[in-house]
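Pasting protein-v2.cif here (mmCIF, C-alpha atoms and all ligand atoms):
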```cif
data_query
loop_
_atom_site.label_atom_id
_atom_site.label_comp_id
_atom_site.auth_asym_id
_atom_site.auth_seq_id
_atom_site.Cartn_x
_atom_site.Cartn_y
_atom_site.Cartn_z
CA MET A 1 13.39 -2.09 9.94
CA VAL A 2 14.43 -1.08 13.44
CA VAL A 3 15.94 2.33 14.11
CA GLY A 4 19.63 2.04 14.97
CA ARG A 5 19.71 3.99 18.21
CA ASN A 6 22.61 2.08 19.70
CA ARG A 7 24.90 2.63 16.76
CA ASN A 8 26.75 5.87 16.18
CA ALA A 9 25.35 6.62 12.72
CA GLN A 10 22.73 9.30 12.08
CA LEU A 11 21.24 11.85 9.75
CA VAL A 12 21.93 15.15 11.47
CA ILE A 13 19.33 17.77 10.61
CA ASP A 14 20.23 21.43 11.06
CA LYS A 15 16.95 23.12 11.98
CA SER A 16 18.27 26.66 11.66
CA ALA A 17 19.43 25.95 8.10
CA ILE A 18 15.87 25.03 7.11
CA TYR A 19 14.50 28.07 8.93
CA ASP A 20 16.99 30.37 7.20
CA ASN A 21 16.33 28.94 3.72
CA ILE A 22 12.59 29.41 4.15
CA SER A 23 12.89 32.93 5.58
CA ALA A 24 15.24 33.97 2.79
CA GLU A 25 12.72 32.86 0.17
CA ILE A 26 9.73 34.40 1.95
CA ASN A 27 11.62 37.71 2.00
CA ARG A 28 11.78 37.62 -1.81
CA LEU A 29 8.03 37.07 -2.22
CA ASP A 30 5.54 39.91 -2.64
CA ASP A 31 3.00 40.53 0.14
CA LYS A 32 0.23 38.63 -1.59
CA THR A 33 2.20 35.43 -2.11
CA GLU A 34 2.09 32.63 0.46
CA MET A 35 4.44 29.70 0.86
CA PHE A 36 3.19 26.14 1.24
CA MET A 37 6.08 24.03 2.46
CA VAL A 38 6.45 20.73 0.63
CA VAL A 39 6.99 18.01 3.24
CA LYS A 40 6.23 14.93 1.14
CA ALA A 41 8.27 11.74 1.63
CA ASN A 42 8.86 12.60 5.29
CA ALA A 43 10.11 16.04 4.25
CA TYR A 44 12.60 14.60 1.76
CA ASN A 45 13.71 12.41 4.69
CA HIS A 46 14.32 15.35 7.03
CA GLY A 47 11.30 14.46 9.21
CA ALA A 48 7.86 15.77 8.19
CA VAL A 49 6.55 16.90 11.57
CA GLN A 50 9.78 18.59 12.65
CA VAL A 51 10.15 20.37 9.31
CA ALA A 52 6.50 21.44 9.33
CA GLN A 53 7.06 23.03 12.76
CA ILE A 54 10.12 24.91 11.53
CA ALA A 55 8.35 25.98 8.34
CA LYS A 56 5.36 27.30 10.25
CA ALA A 57 7.62 29.27 12.59
CA ALA A 58 9.45 30.69 9.56
CA GLY A 59 6.22 31.88 7.94
CA ALA A 60 4.89 29.06 5.74
CA THR A 61 1.08 29.09 5.80
CA GLY A 62 0.28 25.64 4.39
CA PHE A 63 1.77 22.30 3.41
CA CYS A 64 1.98 20.04 0.40
CA VAL A 65 2.35 16.27 0.62
CA ALA A 66 2.29 13.49 -1.96
CA ILE A 67 -0.22 11.06 -0.46
CA LEU A 68 -3.20 11.19 1.87
CA ASP A 69 -1.44 9.37 4.72
CA GLU A 70 1.19 12.11 4.85
CA ALA A 71 -1.56 14.71 5.18
CA ILE A 72 -3.22 12.80 8.01
CA GLN A 73 0.14 12.49 9.77
CA LEU A 74 0.40 16.30 9.89
CA ARG A 75 -3.19 16.79 11.10
CA GLU A 76 -2.64 14.25 13.87
CA ALA A 77 0.64 15.92 14.81
CA GLY A 78 -1.31 19.08 15.60
CA PHE A 79 -1.42 21.05 12.35
CA VAL A 80 -5.18 21.41 12.57
CA ASP A 81 -5.83 24.66 10.70
CA GLU A 82 -3.27 24.96 7.92
CA PRO A 83 -4.34 23.96 4.43
CA ILE A 84 -2.70 20.66 3.46
CA LEU A 85 -2.67 19.79 -0.23
CA VAL A 86 -2.18 16.24 -1.47
CA LEU A 87 -0.34 16.65 -4.78
CA GLY A 88 -0.92 13.12 -6.04
CA ILE A 89 -4.17 11.49 -7.10
CA THR A 90 -6.45 10.27 -4.34
CA ASP A 91 -9.13 7.61 -4.50
CA VAL A 92 -12.76 8.72 -4.17
CA GLU A 93 -13.17 5.86 -1.71
CA ASP A 94 -11.00 7.85 0.68
CA LEU A 95 -13.34 10.85 0.67
CA PRO A 96 -14.62 10.13 4.18
CA LEU A 97 -11.05 10.55 5.47
CA ILE A 98 -10.38 13.51 3.20
CA SER A 99 -13.50 15.24 4.44
CA LYS A 100 -12.98 14.32 8.09
CA TYR A 101 -9.41 15.67 8.10
CA ASN A 102 -10.30 18.66 5.95
CA ILE A 103 -7.58 17.92 3.39
CA ASP A 104 -7.22 19.61 -0.01
CA VAL A 105 -7.00 17.12 -2.85
CA THR A 106 -5.67 17.47 -6.37
CA VAL A 107 -8.24 17.05 -9.12
CA SER A 108 -7.07 15.79 -12.48
CA SER A 109 -10.28 14.83 -14.28
CA VAL A 110 -13.91 15.88 -14.58
CA GLU A 111 -14.83 12.24 -14.10
CA TRP A 112 -13.19 12.23 -10.66
CA VAL A 113 -15.14 15.29 -9.46
CA LYS A 114 -18.40 13.78 -10.61
CA GLN A 115 -17.65 10.56 -8.74
CA ALA A 116 -16.52 12.55 -5.71
CA ASN A 117 -19.75 14.49 -5.69
CA GLN A 118 -21.73 11.25 -5.87
CA VAL A 119 -19.80 9.76 -2.95
CA PHE A 120 -20.26 12.98 -0.98
CA GLU A 121 -24.03 12.82 -1.46
CA ASP A 122 -24.34 9.06 -0.90
CA LEU A 123 -22.39 9.18 2.35
CA LYS A 124 -23.74 12.59 3.41
CA LEU A 125 -20.28 13.81 4.30
CA LYS A 126 -20.05 16.84 6.57
CA ASN A 127 -17.14 18.98 5.37
CA LYS A 128 -17.13 20.09 1.76
CA ILE A 129 -14.53 18.45 -0.45
CA LYS A 130 -11.76 21.01 -0.88
CA MET A 131 -9.90 20.79 -4.14
CA PHE A 132 -7.05 22.18 -6.16
CA LEU A 133 -7.47 21.80 -9.89
CA ALA A 134 -4.27 20.61 -11.59
CA LEU A 135 -3.58 22.06 -15.02
CA ASP A 136 -1.29 20.00 -17.22
CA THR A 137 0.46 22.67 -19.26
CA GLY A 138 3.19 20.35 -20.48
CA MET A 139 4.51 18.29 -17.58
CA GLY A 140 2.41 15.36 -18.78
CA ARG A 141 1.79 13.96 -15.31
CA VAL A 142 -1.58 15.01 -13.86
CA GLY A 143 -4.10 17.73 -14.72
CA LEU A 144 -6.56 18.97 -17.31
CA GLN A 145 -5.03 19.93 -20.64
CA THR A 146 -7.70 21.80 -22.62
CA THR A 147 -10.00 24.78 -22.15
CA ASN A 148 -12.96 22.50 -22.92
CA GLU A 149 -12.10 20.26 -20.00
CA VAL A 150 -11.61 23.25 -17.68
CA ASP A 151 -14.93 24.78 -18.77
CA GLU A 152 -16.70 21.48 -18.15
CA PHE A 153 -15.02 21.14 -14.76
CA LEU A 154 -15.94 24.67 -13.67
CA GLU A 155 -19.51 24.29 -14.82
CA PHE A 156 -19.88 21.11 -12.80
CA ILE A 157 -18.39 22.39 -9.58
CA ASN A 158 -20.33 25.66 -9.80
CA SER A 159 -23.49 23.56 -9.88
CA LYS A 160 -22.42 21.64 -6.75
CA GLU A 161 -21.29 24.51 -4.57
CA ASN A 162 -22.79 22.93 -1.46
CA ASN A 163 -20.59 19.86 -1.78
CA LEU A 164 -17.44 20.94 -3.53
CA LEU A 165 -15.13 23.86 -2.87
CA LEU A 166 -12.47 24.86 -5.38
CA ASP A 167 -9.70 26.17 -3.14
CA GLY A 168 -6.99 26.54 -5.74
CA VAL A 169 -5.49 25.81 -9.11
CA PHE A 170 -1.91 24.88 -9.90
CA THR A 171 0.43 23.86 -12.64
CA HIS A 172 3.90 22.34 -12.59
CA PHE A 173 6.83 23.14 -14.87
CA SER A 174 9.18 20.48 -16.14
CA THR A 175 12.15 22.66 -17.11
CA ALA A 176 12.16 25.52 -14.58
CA ASP A 177 15.64 24.42 -13.44
CA GLY A 178 17.28 24.66 -16.86
CA LYS A 179 19.13 27.34 -18.82
CA ASN A 180 16.86 27.10 -21.84
CA THR A 181 13.49 28.75 -21.10
CA ASP A 182 11.63 27.87 -24.33
CA TYR A 183 9.61 24.99 -22.92
CA PHE A 184 8.97 26.91 -19.70
CA ASN A 185 7.53 29.79 -21.72
CA PHE A 186 5.43 27.36 -23.78
CA GLN A 187 3.97 25.96 -20.55
CA TYR A 188 3.32 29.46 -19.18
CA GLN A 189 1.39 30.41 -22.29
CA ASN A 190 -0.70 27.26 -21.94
CA PHE A 191 -1.30 28.15 -18.31
CA GLU A 192 -2.50 31.64 -19.15
CA LYS A 193 -4.80 30.26 -21.84
CA LEU A 194 -6.38 27.80 -19.41
CA MET A 195 -6.69 30.45 -16.68
CA LYS A 196 -8.90 32.55 -19.00
CA CYS A 197 -11.65 29.97 -18.37
CA PHE A 198 -11.96 31.24 -14.78
CA LYS A 199 -14.47 34.08 -14.29
CA THR A 200 -13.48 34.26 -10.65
CA LYS A 201 -10.13 32.99 -9.45
CA PRO A 202 -10.03 30.51 -6.59
CA ARG A 203 -8.23 31.53 -3.40
CA TYR A 204 -4.88 30.02 -4.45
CA VAL A 205 -3.20 30.15 -7.82
CA SER A 206 0.15 28.40 -7.80
CA VAL A 207 2.73 27.98 -10.53
CA ALA A 208 5.92 27.50 -8.59
CA ASN A 209 7.99 24.74 -7.10
CA SER A 210 11.43 25.76 -5.77
CA ALA A 211 13.00 26.17 -9.21
CA THR A 212 10.19 28.32 -10.64
CA SER A 213 10.14 30.43 -7.51
CA LEU A 214 13.91 30.97 -7.52
CA TRP A 215 14.40 31.69 -11.22
CA HIS A 216 11.17 32.83 -12.85
CA LYS A 217 8.50 35.52 -12.75
CA MET A 218 5.27 34.12 -11.35
CA THR A 219 2.68 36.43 -12.90
CA GLY A 220 -0.86 35.77 -11.69
CA SER A 221 0.25 33.45 -8.89
CA ASN A 222 -0.16 33.88 -5.13
CA MET A 223 1.26 30.69 -3.62
CA ILE A 224 4.50 28.77 -4.02
CA ARG A 225 5.10 25.10 -3.31
CA PHE A 226 8.55 25.26 -1.82
CA GLY A 227 10.39 21.98 -1.47
CA VAL A 228 13.98 21.05 -2.13
CA ALA A 229 15.49 24.53 -1.72
CA ALA A 230 14.16 24.73 1.84
CA TYR A 231 16.43 21.80 2.61
CA GLY A 232 19.37 23.78 1.26
CA LEU A 233 19.65 21.94 -2.03
CA ASN A 234 19.86 23.74 -5.37
CA PRO A 235 17.00 22.41 -7.53
CA SER A 236 19.11 22.75 -10.68
CA GLY A 237 22.04 20.82 -9.26
CA THR A 238 24.91 22.97 -10.48
CA VAL A 239 23.29 24.47 -13.60
CA LEU A 240 21.90 27.74 -12.18
CA ALA A 241 23.12 29.86 -9.27
CA SER A 242 20.56 30.36 -6.52
CA PRO A 243 19.54 33.97 -5.72
CA ILE A 244 19.45 33.02 -2.02
CA ALA A 245 22.22 31.40 -0.01
CA LEU A 246 21.13 27.78 0.38
CA LYS A 247 22.27 26.13 3.58
CA PRO A 248 22.28 22.32 3.40
CA ALA A 249 20.29 20.92 6.32
CA MET A 250 21.17 17.24 6.24
CA SER A 251 24.46 15.53 7.01
CA LEU A 252 25.35 11.91 7.63
CA THR A 253 27.80 11.25 10.42
CA THR A 254 29.15 8.06 11.92
CA GLU A 255 32.47 6.72 13.20
CA LEU A 256 35.22 4.23 12.59
CA VAL A 257 34.29 1.08 14.50
CA TYR A 258 37.43 -0.89 13.65
CA THR A 259 40.88 -0.10 12.24
CA LYS A 260 43.81 -2.27 11.30
CA GLN A 261 46.94 -2.39 9.23
CA VAL A 262 46.72 -4.56 6.10
CA GLN A 263 49.65 -6.29 4.39
CA PRO A 264 50.36 -5.73 0.68
CA GLY A 265 48.67 -8.31 -1.56
CA ARG A 266 45.55 -8.65 0.54
CA SER A 267 42.23 -7.30 -0.77
CA ILE A 268 39.30 -5.51 0.80
CA GLY A 269 35.61 -6.40 0.54
CA TYR A 270 33.40 -8.60 -1.66
CA GLY A 271 34.86 -9.52 -5.02
CA ALA A 272 38.34 -8.49 -3.85
CA THR A 273 38.07 -5.39 -6.05
CA TYR A 274 40.68 -3.37 -4.15
CA THR A 275 44.10 -4.79 -3.40
CA VAL A 276 46.41 -3.16 -0.91
CA ALA A 277 49.68 -2.14 -2.59
CA ASP A 278 51.74 -1.20 0.46
CA ASP A 279 51.21 -1.34 4.22
CA GLN A 280 47.95 0.52 4.75
CA TRP A 281 45.64 1.50 7.54
CA ILE A 282 42.07 0.49 6.73
CA GLY A 283 39.05 1.60 8.75
CA THR A 284 35.61 -0.02 8.92
CA VAL A 285 32.48 2.17 8.99
CA PRO A 286 29.20 0.68 10.28
CA VAL A 287 26.77 1.78 7.53
CA GLY A 288 26.02 0.32 4.11
CA TYR A 289 23.47 0.09 1.35
CA ALA A 290 20.77 -1.04 3.78
CA ASP A 291 21.09 2.49 5.21
CA GLY A 292 20.99 4.08 1.77
CA VAL A 293 24.74 4.43 1.27
CA ARG A 294 24.81 3.04 -2.22
CA ARG A 295 27.23 0.53 -3.72
CA SER A 296 28.11 3.13 -6.34
CA MET A 297 29.76 5.11 -3.51
CA GLN A 298 32.85 2.89 -3.94
CA GLY A 299 35.76 5.26 -4.58
CA PHE A 300 34.01 8.31 -3.06
CA LYS A 301 36.02 10.21 -0.45
CA VAL A 302 34.50 10.71 3.00
CA LEU A 303 35.86 12.88 5.83
CA VAL A 304 37.75 11.15 8.65
CA ASP A 305 39.69 13.22 11.17
CA GLY A 306 39.69 16.13 8.69
CA HIS A 307 41.07 14.01 5.82
CA LEU A 308 39.29 12.98 2.62
CA CYS A 309 39.56 9.18 2.64
CA PRO A 310 38.41 6.95 -0.24
CA ILE A 311 35.89 4.16 0.21
CA VAL A 312 37.88 1.06 -0.80
CA GLY A 313 36.32 -2.21 -1.88
CA ARG A 314 32.62 -2.65 -2.39
CA VAL A 315 30.10 -1.08 -0.07
CA CYS A 316 28.45 -3.93 1.86
CA MET A 317 24.89 -4.04 3.18
CA ASP A 318 25.87 -2.78 6.65
CA GLN A 319 29.51 -1.71 6.49
CA PHE A 320 32.14 -0.23 4.23
CA MET A 321 35.89 0.26 4.45
CA VAL A 322 38.00 3.38 3.99
CA LYS A 323 41.70 3.86 3.35
CA LEU A 324 43.22 5.95 6.14
CA PRO A 325 46.28 8.19 5.78
CA TYR A 326 47.74 6.96 9.08
CA LYS A 327 46.80 4.93 12.13
CA MET A 328 43.49 6.07 13.55
CA ASN A 329 41.50 4.68 16.42
CA PRO A 330 37.96 3.32 16.56
CA GLY A 331 35.61 6.11 17.58
CA THR A 332 37.09 8.63 15.13
CA GLU A 333 34.26 10.63 13.52
CA VAL A 334 33.37 9.88 9.88
CA VAL A 335 31.32 12.38 7.85
CA ILE A 336 29.88 10.87 4.69
CA PHE A 337 28.46 14.25 3.70
CA GLY A 338 28.35 17.42 5.73
CA LYS A 339 31.12 19.39 7.43
CA GLN A 340 34.20 18.37 9.36
CA ALA A 341 37.28 20.40 10.31
CA GLY A 342 36.45 23.22 7.89
CA LYS A 343 35.91 20.85 4.96
CA GLU A 344 32.54 20.06 3.39
CA ILE A 345 31.09 17.25 1.31
CA THR A 346 27.75 18.06 -0.35
CA LEU A 347 24.81 15.83 -1.25
CA GLN A 348 25.37 17.12 -4.78
CA GLN A 349 28.82 15.47 -4.78
CA VAL A 350 27.27 12.24 -3.51
CA ALA A 351 24.63 12.45 -6.26
CA ASP A 352 27.28 13.06 -8.92
CA GLN A 353 29.21 10.03 -7.68
CA CYS A 354 26.06 7.89 -7.86
CA GLY A 355 24.93 9.24 -11.24
CA THR A 356 21.67 10.70 -9.96
CA ILE A 357 20.18 13.84 -8.34
CA HIS A 358 20.42 14.89 -4.69
CA TYR A 359 16.63 14.53 -4.30
CA GLU A 360 16.95 10.79 -4.86
CA ILE A 361 19.93 10.40 -2.53
CA ALA A 362 18.20 12.30 0.30
CA CYS A 363 15.03 10.22 -0.08
CA GLY A 364 17.01 7.00 -0.23
CA PHE A 365 18.27 6.87 3.36
CA THR A 366 16.36 4.26 5.29
CA GLU A 367 14.71 4.27 8.67
CA ARG A 368 17.61 2.38 10.24
CA LEU A 369 19.39 5.75 10.38
CA PRO A 370 17.86 7.88 13.13
CA ARG A 371 17.45 11.62 12.64
CA VAL A 372 19.09 13.87 15.17
CA TYR A 373 18.06 17.55 15.29
CA LYS A 374 20.38 20.33 16.20
C1 LIG B 401 7.48 17.80 -5.30
C2 LIG B 401 6.64 18.89 -5.86
C3 LIG B 401 6.94 20.22 -5.57
C4 LIG B 401 8.19 20.65 -4.83
O1 LIG B 401 9.27 20.57 -5.74
P1 LIG B 401 10.73 21.09 -5.34
O2 LIG B 401 11.52 20.93 -6.60
O3 LIG B 401 11.22 20.15 -4.28
O4 LIG B 401 10.59 22.47 -4.87
C5 LIG B 401 6.05 21.19 -6.01
N1 LIG B 401 4.95 20.87 -6.72
C6 LIG B 401 4.65 19.59 -7.06
C7 LIG B 401 3.42 19.31 -7.84
C8 LIG B 401 5.50 18.56 -6.65
O5 LIG B 401 5.21 17.30 -6.99
#
```

Give the structure from the file, written as structure tokens.
Amino acid sequence: MVVGRNRNAQLVIDKSAIYDNISAEINRLDDKTEMFMVVKANAYNHGAVQVAQIAKAAGATGFCVAILDEAIQLREAGFVDEPILVLGITDVEDLPLISKYNIDVTVSSVEWVKQANQVFEDLKLKNKIKMFLALDTGMGRVGLQTTNEVDEFLEFINSKENNLLLDGVFTHFSTADGKNTDYFNFQYQNFEKLMKCFKTKPRYVSVANSATSLWHKMTGSNMIRFGVAAYGLNPSGTVLASPIALKPAMSLTTELVYTKQVQPGRSIGYGATYTVADDQWIGTVPVGYADGVRRSMQGFKVLVDGHLCPIVGRVCMDQFMVKLPYKMNPGTEVVIFGKQAGKEITLQQVADQCGTIHYEIACGFTERLPRVYK
């Protein structure tokens, strides 16, 4: 998809908001605890390289990504020294790249390490394979679950010290953003049980994503994987209050490209789902679901000239219509979420409208919308 540079529609990214969110969290950490900034999925669509630069300036010492390609993107963008951890599973066939780019990979099975060691020896790779061991304490996604598995893993890697380097160990909580802490505590107990297998701890021990870091004690941990909160979004949605002021970094701004008065009895958009009752001014906005503005946004109120105006009729692929309070001209600014004239629409409100979470909305904007940094 081409980037729409000649259309006034863009994701505006507030760099200082990201900087402030990261600094605020780093200020709450003890001296021994480092922050790895999570920049997977193009930094939740905020732009991986730009966010990595801000995060580094604000004090983050490493990065987490989801897939190997995202790690390589950062290395090639000039982040040559920082540890970069791939949180997902990588293929042993990619070890030449992993070794060449000095990437940390997540290990989730003893089988994988044995294969990795074999590939390392067969191909005579130069850099040791750097790994984080994932412990599945109850998330049920990746990681070793039992002390037997961890013992077997540690025994194997200790026997292959020339090839394999255990850089860290981490676990991931599934309910750190909720009011009820029972399952969180269950997972923590499992974590502490599994950690007893280690005679010496690896350099990094990490238990926290944003939610765990904001709302829980992180005993025995020295690195956090900070994601969504850095972008100014509350990981719990509206369930828990954040101990730091979260400044939303992303907004979506565009303009009216066409306005007209519509006679009563006529309808707007596909399916004629909205019929004009009295003389109304209707504006057309040049973004749609191909940009990630979902069809379920029908009825949502966006900001136009300081007024909250409802989206009327169905959202089309490339355009949608809004009901205006009075005659407005093409070129009038439209804010789908973000601030205008002292009013604010949040991604949380968009997510509520669409029946999902802000993470998914942020990730859902497509490359047709350029990112503009301010
Ligand atoms: C995505 C992810 C994170 C970051 O989560 P946030 O909720 O965005 O802070 C941390 N750890 C793992 C394993 C992840 O997959």

Margin query: Counting all atoms listed in the file, what are the residues, protein, DNA or RNA alike, that approach ligand LIG 401 (chain B) to within 7 Å? I want them as a PyMOL selection string.
Written below: chain A and resi 38+66+87+172+208-211+225-229+235

Note to self: Would you compute the distance between atom CA of Ala77 of chain A and atom CA of Ala48 of chain A? Give it in Å to one decimal.
What the structure shows: 9.8 Å

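Residue nearest Gly88 of chain A, chosen from A:Val110, A:Cys64, A:Val276, A:Ile72 and counting all atoms listed in the file: A:Cys64.
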
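Interatomic distance, atom CA of Tyr289 of chain A against atom CA of Ile18 of chain A: 26.7 Å.
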
Note to self: Which residues are close to segment 133-149 of chain A, i.e. within 6 Å by all atoms listed in the file, leaving aside same-chain residues fewer than 2 positions away? Reply as a PyMOL selection string.
What the structure shows: chain A and resi 106-108+151-152+169-171+174+187+190-191+194

Notebook entry, point to check: Quick one: of A:Glu192, A:Ile84, A:Ser213, A:Leu123, who's nearest to Asp167 of chain A, counting only C-alpha atoms?
Noted result: A:Ile84

Item checked: Surrounding residues of segment 325-339 of chain A excluding itself and chain neighbours under 5 positions, 6 Å, all atoms listed in the file, as a PyMOL selection string -> chain A and resi 251-258+281+302-304+344-346

Check: Which value, in Å to one decimal, gives the distance between atom CA of Pro202 of chain A and atom CA of Lys126 of chain A?
Finding: 21.5 Å

Margin query: Would you pick out the contacts of Lys301 of chain A at 8 Å or less, using all atoms listed in the file, so that residues sharing its chain but fewer than 2 positions from it are not included, and give the list as a ChimeraX atom specification?
Written below: /A:299,303,308-311

Take the residues from that selection and put them in a file with C-alpha atoms, as a compact mmCIF listing (two decimals), keeping the file's coordinate frame.
```
# COMPACT_ATOMS: atom_id res chain seq x y z
CA GLY A 299 35.76 5.26 -4.58
CA LEU A 303 35.86 12.88 5.83
CA LEU A 308 39.29 12.98 2.62
CA CYS A 309 39.56 9.18 2.64
CA PRO A 310 38.41 6.95 -0.24
CA ILE A 311 35.89 4.16 0.21
```

Next item on the list: Determine the nearest neighbour of Gly168 of chain A from the options A:Gly269, A:Gly232, A:Pro83, A:Pro243, counting all atoms listed in the file.
Entry: A:Pro83

Notebook entry, point to check: Which neighbours of Ser267 of chain A fall inside 12 Å, counting only C-alpha atoms, when residues of the same chain fewer than 6 positions from it are skipped, and could you give them as a ChimeraX atom specification?
Noted result: /A:273-280,282,312-314,321,323

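In this comparison, which uses only C-alpha atoms, the residue of A:Ala41, A:Met223, A:Val293, A:Ala58 approaching Ile361 of chain A most closely is A:Val293.
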
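Those DNA, RNA and protein residues that approach the point (3.9, 32.5, 3.2) to within 8 Å, considering all atoms listed in the file, are Ile26, Thr33, Glu34, Met35, Phe36, Gly59, Ala60, Thr61, Gly62 and Met223 of chain A.
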
Please, which residues are within 7 Å of (29.9, 8.1, -2.4) by the file's coordinates, counting only C-alpha atoms, and could they come as a PDB file with C-alpha atoms, in the frame of the given file?
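out_15.pdb, freshly written:
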```pdb
ATOM      1  CA  SER A 296      28.110   3.130  -6.340  1.00  0.00           C
ATOM      2  CA  MET A 297      29.760   5.110  -3.510  1.00  0.00           C
ATOM      3  CA  GLN A 298      32.850   2.890  -3.940  1.00  0.00           C
ATOM      4  CA  GLY A 299      35.760   5.260  -4.580  1.00  0.00           C
ATOM      5  CA  PHE A 300      34.010   8.310  -3.060  1.00  0.00           C
ATOM      6  CA  LYS A 301      36.020  10.210  -0.450  1.00  0.00           C
ATOM      7  CA  VAL A 350      27.270  12.240  -3.510  1.00  0.00           C
ATOM      8  CA  GLN A 353      29.210  10.030  -7.680  1.00  0.00           C
ATOM      9  CA  CYS A 354      26.060   7.890  -7.860  1.00  0.00           C
TER      10      CYS A 354
END
```

Margin query: Just checking: using all atoms listed in the file, which residue out of A:Leu68, A:Cys363, A:Val287, A:Met131 ends up closest to Tyr231 of chain A?
Written below: A:Cys363

Next item on the list: For segment 358-360 of chain A, list every protein, DNA or RNA residue within 8 Å, evaluated using all atoms listed in the file, and leave out those in the same chain fewer than 4 positions away; present the list as an NGL selection string.
Entry: :A and (44 or 228 or 233 or 237 or 347-348 or 350-351 or 364)

Centre and edge lengths of an axis-aligned box around all listed atoms of segment 204-209 of chain A, with 6 Å added on each side, are to be given in Å to one decimal, as lines of an AutoDock Vina configuration file.
```
center_x = 1.6
center_y = 27.4
center_z = -7.5
size_x = 24.9
size_y = 17.4
size_z = 18.1
```

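Distances from A:Leu164, A:Val39, A:Ala55, A:Ala249 to Val105 of chain A were compared using all atoms listed in the file, and the smallest one belongs to A:Leu164.
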